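Coordinates from query-v5.cif are shown below (mmCIF, C-alpha atoms).
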```cif
data_target
#
loop_
_atom_site.label_atom_id
_atom_site.label_comp_id
_atom_site.auth_asym_id
_atom_site.auth_seq_id
_atom_site.Cartn_x
_atom_site.Cartn_y
_atom_site.Cartn_z
CA MET D 1195 4.67 -41.08 1.37
CA PRO D 1196 7.87 -42.54 2.83
CA GLU D 1197 10.90 -43.11 0.64
CA LYS D 1198 11.86 -46.65 -0.33
CA LEU D 1199 15.60 -47.27 -0.66
CA ILE D 1200 16.35 -48.65 -4.13
CA LEU D 1201 20.16 -48.55 -4.01
CA SER D 1202 22.42 -47.99 -1.01
CA SER D 1203 25.79 -46.26 -1.18
CA SER D 1204 27.70 -49.55 -1.38
CA GLU D 1205 25.30 -50.89 -4.04
CA ILE D 1206 25.80 -47.70 -6.08
CA ASP D 1207 29.59 -48.09 -5.83
CA GLU D 1208 29.37 -51.71 -7.01
CA THR D 1209 26.93 -50.80 -9.80
CA ILE D 1210 29.18 -48.01 -11.06
CA GLU D 1211 32.21 -50.33 -11.04
CA ASN D 1212 30.25 -52.94 -13.03
CA LEU D 1213 28.98 -50.33 -15.49
CA GLY D 1214 32.47 -48.88 -15.89
CA ARG D 1215 33.89 -52.33 -16.70
CA ALA D 1216 31.09 -53.01 -19.21
CA VAL D 1217 31.68 -49.64 -20.89
CA TYR D 1218 35.44 -50.20 -21.05
CA ASP D 1219 34.99 -53.70 -22.49
CA GLY D 1220 32.89 -52.22 -25.31
CA ILE D 1221 35.34 -49.51 -26.37
CA ASP D 1222 36.99 -50.14 -29.73
CA ASP D 1223 39.26 -47.07 -29.74
CA ILE D 1224 39.84 -45.10 -26.53
CA GLU D 1225 41.12 -42.14 -28.58
CA ARG D 1226 37.72 -41.89 -30.33
CA PHE D 1227 35.68 -42.26 -27.13
CA ALA D 1228 34.21 -39.61 -24.80
CA VAL D 1229 31.86 -39.44 -21.82
CA VAL D 1230 29.24 -36.67 -21.70
CA GLY D 1231 27.07 -36.06 -18.64
CA ILE D 1232 23.62 -34.49 -18.91
CA GLN D 1233 23.10 -31.46 -16.63
CA SER D 1234 22.74 -31.64 -13.79
CA SER D 1235 22.09 -35.12 -12.47
CA GLY D 1236 24.24 -37.01 -14.96
CA ILE D 1237 27.47 -35.11 -14.35
CA GLU D 1238 28.64 -36.84 -11.16
CA LEU D 1239 27.70 -40.25 -12.55
CA ALA D 1240 29.56 -39.45 -15.79
CA ASP D 1241 32.65 -38.42 -13.79
CA ARG D 1242 32.61 -41.71 -11.87
CA ILE D 1243 32.12 -43.82 -14.99
CA ARG D 1244 34.93 -41.92 -16.72
CA ALA D 1245 37.21 -42.55 -13.72
CA CYS D 1246 36.51 -46.30 -14.00
CA VAL D 1247 37.32 -46.29 -17.72
CA GLU D 1248 40.49 -44.25 -17.15
CA LYS D 1249 41.61 -46.64 -14.43
CA ALA D 1250 41.00 -49.68 -16.64
CA SER D 1251 42.61 -48.16 -19.74
CA GLY D 1252 45.41 -46.18 -18.11
CA ARG D 1253 44.46 -43.30 -20.44
CA ASP D 1254 42.69 -39.98 -20.06
CA VAL D 1255 39.18 -39.96 -21.51
CA LYS D 1256 37.64 -36.94 -23.19
CA HIS D 1257 34.59 -35.67 -21.37
CA GLY D 1258 31.94 -33.00 -21.51
CA ILE D 1259 28.81 -31.51 -19.98
CA LEU D 1260 25.53 -31.03 -21.80
CA ASP D 1261 22.67 -28.65 -20.95
CA ILE D 1262 19.54 -29.69 -22.84
CA THR D 1263 17.34 -26.72 -21.86
CA PHE D 1264 16.81 -25.28 -25.34
CA TYR D 1265 16.10 -28.69 -26.87
CA ARG D 1266 13.34 -29.71 -24.44
CA ASP D 1267 10.02 -30.31 -26.14
CA ASP D 1268 8.11 -28.92 -23.15
CA LEU D 1269 9.95 -25.60 -22.89
CA ALA D 1270 6.97 -23.54 -24.04
CA THR D 1271 4.52 -25.32 -21.73
CA ARG D 1272 6.51 -25.25 -18.48
CA GLY D 1273 5.32 -21.81 -17.38
CA VAL D 1274 8.59 -20.88 -15.67
CA LEU D 1275 11.78 -19.41 -16.98
CA PRO D 1276 14.33 -22.16 -17.60
CA VAL D 1277 17.58 -22.31 -15.68
CA ILE D 1278 20.44 -22.28 -18.17
CA ARG D 1279 23.44 -24.33 -17.12
CA GLU D 1280 26.85 -24.93 -18.61
CA THR D 1281 27.46 -26.91 -21.77
CA LEU D 1282 31.09 -27.81 -22.29
CA ILE D 1283 32.14 -29.88 -25.27
CA ASP D 1284 35.71 -28.79 -26.03
CA PHE D 1285 36.62 -31.56 -28.44
CA ASN D 1286 35.54 -32.55 -31.94
CA ILE D 1287 32.76 -35.15 -31.62
CA ASN D 1288 32.75 -36.10 -35.30
CA LYS D 1289 33.16 -39.87 -35.78
CA MET D 1290 33.58 -40.39 -32.02
CA THR D 1291 31.70 -42.82 -29.81
CA ILE D 1292 29.94 -40.71 -27.21
CA LEU D 1293 28.71 -42.23 -23.97
CA LEU D 1294 25.74 -40.09 -22.91
CA VAL D 1295 25.16 -40.38 -19.15
CA ASP D 1296 22.09 -39.60 -17.04
CA ASP D 1297 21.02 -40.79 -13.62
CA VAL D 1298 17.41 -41.86 -14.37
CA LEU D 1299 15.79 -42.88 -17.64
CA PHE D 1300 12.04 -42.28 -17.62
CA THR D 1301 9.98 -41.15 -20.64
CA GLY D 1302 12.97 -40.82 -22.96
CA ARG D 1303 12.34 -37.13 -23.62
CA THR D 1304 15.46 -35.94 -21.78
CA THR D 1305 17.55 -38.39 -23.79
CA LYS D 1306 15.96 -37.20 -27.04
CA ALA D 1307 16.78 -33.58 -26.14
CA ALA D 1308 20.33 -34.60 -25.18
CA ILE D 1309 20.87 -36.34 -28.52
CA GLU D 1310 19.57 -33.29 -30.39
CA THR D 1311 21.82 -31.00 -28.34
CA LEU D 1312 24.83 -33.24 -28.90
CA MET D 1313 24.18 -33.38 -32.66
CA SER D 1314 24.42 -29.59 -32.80
CA PHE D 1315 28.15 -30.08 -32.11
CA GLY D 1316 28.74 -32.49 -34.99
CA ARG D 1317 28.10 -36.03 -36.10
CA PRO D 1318 29.36 -38.73 -33.76
CA GLY D 1319 30.11 -42.20 -35.09
CA ALA D 1320 27.88 -43.62 -32.35
CA ILE D 1321 26.00 -42.47 -29.26
CA LYS D 1322 25.59 -44.93 -26.39
CA LEU D 1323 23.30 -44.30 -23.41
CA LEU D 1324 24.10 -45.14 -19.80
CA CYS D 1325 21.72 -44.65 -16.88
CA LEU D 1326 21.95 -45.65 -13.26
CA VAL D 1327 18.20 -46.39 -12.99
CA ASP D 1328 15.68 -47.24 -15.71
CA ARG D 1329 12.22 -46.65 -14.27
CA GLY D 1330 10.22 -47.56 -17.38
CA ASN D 1331 7.15 -45.65 -18.63
CA ARG D 1332 8.82 -44.76 -21.93
CA GLU D 1333 7.06 -42.35 -24.31
CA LEU D 1334 9.77 -42.61 -26.96
CA PRO D 1335 11.57 -45.69 -28.35
CA ILE D 1336 14.77 -45.08 -26.38
CA GLN D 1337 16.57 -47.79 -24.42
CA PRO D 1338 19.84 -47.67 -22.47
CA ASP D 1339 22.92 -49.50 -23.71
CA PHE D 1340 24.14 -49.70 -20.11
CA CYS D 1341 21.83 -49.72 -17.08
CA GLY D 1342 22.56 -50.19 -13.40
CA LYS D 1343 19.07 -51.13 -12.21
CA ARG D 1344 15.66 -51.49 -13.79
CA ILE D 1345 12.61 -50.87 -11.62
CA GLU D 1346 8.86 -50.75 -12.22
CA THR D 1347 7.24 -47.43 -11.34
CA SER D 1348 4.01 -45.62 -11.99
CA ILE D 1349 4.00 -42.29 -13.77
CA LYS D 1350 3.17 -40.59 -10.45
CA ASP D 1351 6.18 -42.05 -8.65
CA GLN D 1352 9.42 -40.14 -8.22
CA VAL D 1353 12.94 -41.58 -8.28
CA SER D 1354 15.58 -39.48 -6.53
CA VAL D 1355 19.30 -40.09 -6.98
CA PHE D 1356 21.73 -38.60 -4.49
CA LEU D 1357 25.38 -38.74 -5.57
CA LYS D 1358 27.77 -36.65 -3.54
CA PRO D 1359 30.50 -35.01 -5.64
CA GLY D 1360 33.65 -37.11 -5.70
CA GLY D 1361 31.99 -39.81 -3.63
CA SER D 1362 32.37 -37.60 -0.56
CA GLY D 1363 29.21 -38.67 1.22
CA GLU D 1364 26.37 -41.12 1.57
CA ASP D 1365 24.97 -41.88 -1.88
CA ARG D 1366 21.51 -43.39 -2.36
CA VAL D 1367 18.62 -43.91 -4.76
CA GLU D 1368 15.10 -43.61 -3.39
CA LEU D 1369 11.62 -44.23 -4.73
CA ILE D 1370 8.78 -42.03 -3.54
CA GLU D 1371 5.49 -43.60 -4.54
CA GLY D 1372 2.90 -41.17 -5.86
#
```

What is this file in structure tokens?
Amino acid sequence: MPEKLILSSSEIDETIENLGRAVYDGIDDIERFAVVGIQSSGIELADRIRACVEKASGRDVKHGILDITFYRDDLATRGVLPVIRETLIDFNINKMTILLVDDVLFTGRTTKAAIETLMSFGRPGAIKLLCLVDRGNRELPIQPDFCGKRIETSIKDQVSVFLKPGGSGEDRVELIEG
């Protein structure tokens, strides 16, 4: 099936700017705020959102990377050895507001695993969820606090997000209908 363009590069840039402003507007205490990207797709988006917040606040924002591999509820049924990626949380998350960032929100299971992974580092004051695309079909009662675009998809569809590191290329979001 051919890909259907959901967001162009310029639309992604505008969406990220809008999300960054909305996130910044909701921060009570920048010193108690951090952005954490979910491996691997959420990292570039998290970096861009963090850059927007830093630009608006004039302050550095704590940030981290989360690998959810060992907290996935389908680990035993996947049939392949998992790829372990880096987790880097080098700050105390207790009582902080953590912005958890992923590119696509689907069933909610990745977010659940990310929350469980994050909680192994401490007890944040709040966890907020940001996604670029919400494609519906939730299996768990998880909703984003910040969302760039909501689309209707079937379970068989695939949403692909292409974000070049540092904005160094042509970004896009595509839907491949199943």

What is the distance between atom CA of Arg1366 of chain D and atom CA of Ser1202 of chain D, in Å to one decimal? 4.9 Å

Determine the residue membership of the PyMOL selection byres ((chain D and resi 1346-1363) around 10) for the file above and supply it as a PDB file with C-alpha atoms, in the coordinates of the input.
```
ATOM      1  CA  GLU D1197      10.900 -43.110   0.640  1.00  0.00           C
ATOM      2  CA  LYS D1198      11.860 -46.650  -0.330  1.00  0.00           C
ATOM      3  CA  LEU D1199      15.600 -47.270  -0.660  1.00  0.00           C
ATOM      4  CA  ILE D1200      16.350 -48.650  -4.130  1.00  0.00           C
ATOM      5  CA  LEU D1201      20.160 -48.550  -4.010  1.00  0.00           C
ATOM      6  CA  SER D1203      25.790 -46.260  -1.180  1.00  0.00           C
ATOM      7  CA  ILE D1206      25.800 -47.700  -6.080  1.00  0.00           C
ATOM      8  CA  ASP D1207      29.590 -48.090  -5.830  1.00  0.00           C
ATOM      9  CA  SER D1235      22.090 -35.120 -12.470  1.00  0.00           C
ATOM     10  CA  GLY D1236      24.240 -37.010 -14.960  1.00  0.00           C
ATOM     11  CA  ILE D1237      27.470 -35.110 -14.350  1.00  0.00           C
ATOM     12  CA  GLU D1238      28.640 -36.840 -11.160  1.00  0.00           C
ATOM     13  CA  LEU D1239      27.700 -40.250 -12.550  1.00  0.00           C
ATOM     14  CA  ASP D1241      32.650 -38.420 -13.790  1.00  0.00           C
ATOM     15  CA  ARG D1242      32.610 -41.710 -11.870  1.00  0.00           C
ATOM     16  CA  ASP D1297      21.020 -40.790 -13.620  1.00  0.00           C
ATOM     17  CA  VAL D1298      17.410 -41.860 -14.370  1.00  0.00           C
ATOM     18  CA  LEU D1299      15.790 -42.880 -17.640  1.00  0.00           C
ATOM     19  CA  PHE D1300      12.040 -42.280 -17.620  1.00  0.00           C
ATOM     20  CA  THR D1301       9.980 -41.150 -20.640  1.00  0.00           C
ATOM     21  CA  LEU D1326      21.950 -45.650 -13.260  1.00  0.00           C
ATOM     22  CA  VAL D1327      18.200 -46.390 -12.990  1.00  0.00           C
ATOM     23  CA  ASP D1328      15.680 -47.240 -15.710  1.00  0.00           C
ATOM     24  CA  ARG D1329      12.220 -46.650 -14.270  1.00  0.00           C
ATOM     25  CA  GLY D1330      10.220 -47.560 -17.380  1.00  0.00           C
ATOM     26  CA  ASN D1331       7.150 -45.650 -18.630  1.00  0.00           C
ATOM     27  CA  ARG D1332       8.820 -44.760 -21.930  1.00  0.00           C
ATOM     28  CA  ARG D1344      15.660 -51.490 -13.790  1.00  0.00           C
ATOM     29  CA  ILE D1345      12.610 -50.870 -11.620  1.00  0.00           C
ATOM     30  CA  GLU D1364      26.370 -41.120   1.570  1.00  0.00           C
ATOM     31  CA  ASP D1365      24.970 -41.880  -1.880  1.00  0.00           C
ATOM     32  CA  ARG D1366      21.510 -43.390  -2.360  1.00  0.00           C
ATOM     33  CA  VAL D1367      18.620 -43.910  -4.760  1.00  0.00           C
ATOM     34  CA  GLU D1368      15.100 -43.610  -3.390  1.00  0.00           C
ATOM     35  CA  LEU D1369      11.620 -44.230  -4.730  1.00  0.00           C
ATOM     36  CA  ILE D1370       8.780 -42.030  -3.540  1.00  0.00           C
ATOM     37  CA  GLU D1371       5.490 -43.600  -4.540  1.00  0.00           C
ATOM     38  CA  GLY D1372       2.900 -41.170  -5.860  1.00  0.00           C
TER      39      GLY D1372
END
```

If we count all atoms listed in the file, what is near Leu1213 of chain D at a cut-off of 7 Å, once residues fewer than 3 positions away on the same chain are taken out, given as number ranges by chain? D: 1209-1210, 1216-1217, 1340, 1342

Which protein, DNA or RNA residues are at most 7 Å from (8.5, -41.1, -24.9) in the file's coordinates when you count only C-alpha atoms, listed as a list in words?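 Here is the list of nearby residues: Thr1301, Gly1302, Arg1303, Arg1332, Glu1333, Leu1334 and Pro1335 of chain D.
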
Expand the PyMOL selection byres ((chain D and resi 1229) around 8) into the individual residues it matches in the shown file, reporting them as a PyMOL selection string. chain D and resi 1227-1228+1230-1231+1240+1244+1255-1258+1292-1295

Output of the PyMOL selection byres ((chain D and resi 1254) around 9), listed as a PyMOL selection string: chain D and resi 1224-1225+1244-1245+1247-1249+1251-1253+1255-1256

Let me make sure I understand: among D:Thr1305, D:Ile1321, D:Asp1296, D:Glu1205, which one has the smallest atom-to-atom distance to Cys1341 of chain D if we use only C-alpha atoms?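 So, comparing all the options, the nearest one is D:Asp1296.
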
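Atom pair atom CA of Pro1318 of chain D / atom CA of Tyr1218 of chain D has a distance of 18.2 Å (rounded to one decimal).
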
Figure out the distance between atom CA of Thr1291 of chain D and atom CA of Ala1320 of chain D, please, to one decimal in Å.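 One can read the atom CA of Ala1320 of chain D to atom CA of Thr1291 of chain D distance as 4.7 Å.
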
Coordinates of box centre and edge lengths for segment 1294-1305 of chain D, 5 Å on every side, axis-aligned, as JSON:
```
{"center_x": 17.9, "center_y": -39.4, "center_z": -18.7, "size_x": 25.8, "size_y": 16.9, "size_z": 20.2}
```

For Thr1311 of chain D, please output as a list in words all residues within 10 Å (counting all atoms listed in the file; exclusion window: fewer than 3 positions along the same chain). Leu1260, Asp1261, Ile1262, Thr1263, Phe1264, Tyr1265, Arg1266, Thr1281, Thr1305, Lys1306, Ala1307, Ala1308, Ser1314, Phe1315 and Gly1316 of chain D

Would you mind writing segment 1312-1332 of chain D with N, CA and C atoms, as a short mmCIF file (atom, residue, chain, number, x, y, z; two decimals), in the frame of the given file?
```cif
data_model
loop_
_atom_site.label_atom_id
_atom_site.label_comp_id
_atom_site.auth_asym_id
_atom_site.auth_seq_id
_atom_site.Cartn_x
_atom_site.Cartn_y
_atom_site.Cartn_z
N LEU D 1312 23.53 -32.69 -28.54
CA LEU D 1312 24.83 -33.24 -28.90
C LEU D 1312 25.07 -33.14 -30.41
N MET D 1313 24.05 -33.41 -31.20
CA MET D 1313 24.18 -33.38 -32.66
C MET D 1313 24.43 -31.97 -33.18
N SER D 1314 24.12 -30.96 -32.37
CA SER D 1314 24.42 -29.59 -32.80
C SER D 1314 25.93 -29.30 -32.78
N PHE D 1315 26.70 -30.21 -32.17
CA PHE D 1315 28.15 -30.08 -32.11
C PHE D 1315 28.86 -30.86 -33.22
N GLY D 1316 28.13 -31.69 -33.93
CA GLY D 1316 28.74 -32.49 -34.99
C GLY D 1316 28.02 -33.81 -35.15
N ARG D 1317 28.71 -34.74 -35.81
CA ARG D 1317 28.10 -36.03 -36.10
C ARG D 1317 28.97 -37.16 -35.53
N PRO D 1318 28.59 -37.64 -34.35
CA PRO D 1318 29.36 -38.73 -33.76
C PRO D 1318 29.23 -40.01 -34.59
N GLY D 1319 30.21 -40.89 -34.45
CA GLY D 1319 30.11 -42.20 -35.09
C GLY D 1319 29.04 -43.05 -34.43
N ALA D 1320 28.89 -42.89 -33.11
CA ALA D 1320 27.88 -43.62 -32.35
C ALA D 1320 27.61 -42.87 -31.05
N ILE D 1321 26.38 -42.99 -30.57
CA ILE D 1321 26.00 -42.47 -29.26
C ILE D 1321 25.46 -43.64 -28.46
N LYS D 1322 26.04 -43.88 -27.31
CA LYS D 1322 25.59 -44.93 -26.39
C LYS D 1322 24.99 -44.24 -25.18
N LEU D 1323 23.99 -44.88 -24.56
CA LEU D 1323 23.30 -44.30 -23.41
C LEU D 1323 23.53 -45.16 -22.18
N LEU D 1324 23.93 -44.49 -21.09
CA LEU D 1324 24.10 -45.14 -19.80
C LEU D 1324 23.24 -44.43 -18.78
N CYS D 1325 22.49 -45.22 -18.00
CA CYS D 1325 21.72 -44.65 -16.88
C CYS D 1325 21.93 -45.52 -15.65
N LEU D 1326 21.83 -44.90 -14.50
CA LEU D 1326 21.95 -45.65 -13.26
C LEU D 1326 20.66 -46.42 -13.00
N VAL D 1327 19.51 -45.76 -13.23
CA VAL D 1327 18.20 -46.39 -12.99
C VAL D 1327 17.30 -46.19 -14.20
N ASP D 1328 16.71 -47.28 -14.66
CA ASP D 1328 15.68 -47.24 -15.71
C ASP D 1328 14.36 -47.51 -15.01
N ARG D 1329 13.49 -46.51 -14.99
CA ARG D 1329 12.22 -46.65 -14.27
C ARG D 1329 11.03 -46.93 -15.18
N GLY D 1330 11.30 -47.20 -16.47
CA GLY D 1330 10.22 -47.56 -17.38
C GLY D 1330 9.35 -46.37 -17.77
N ASN D 1331 8.14 -46.66 -18.23
CA ASN D 1331 7.15 -45.65 -18.63
C ASN D 1331 7.60 -44.82 -19.81
N ARG D 1332 8.28 -45.46 -20.78
CA ARG D 1332 8.82 -44.76 -21.93
C ARG D 1332 7.72 -44.20 -22.82
#
```
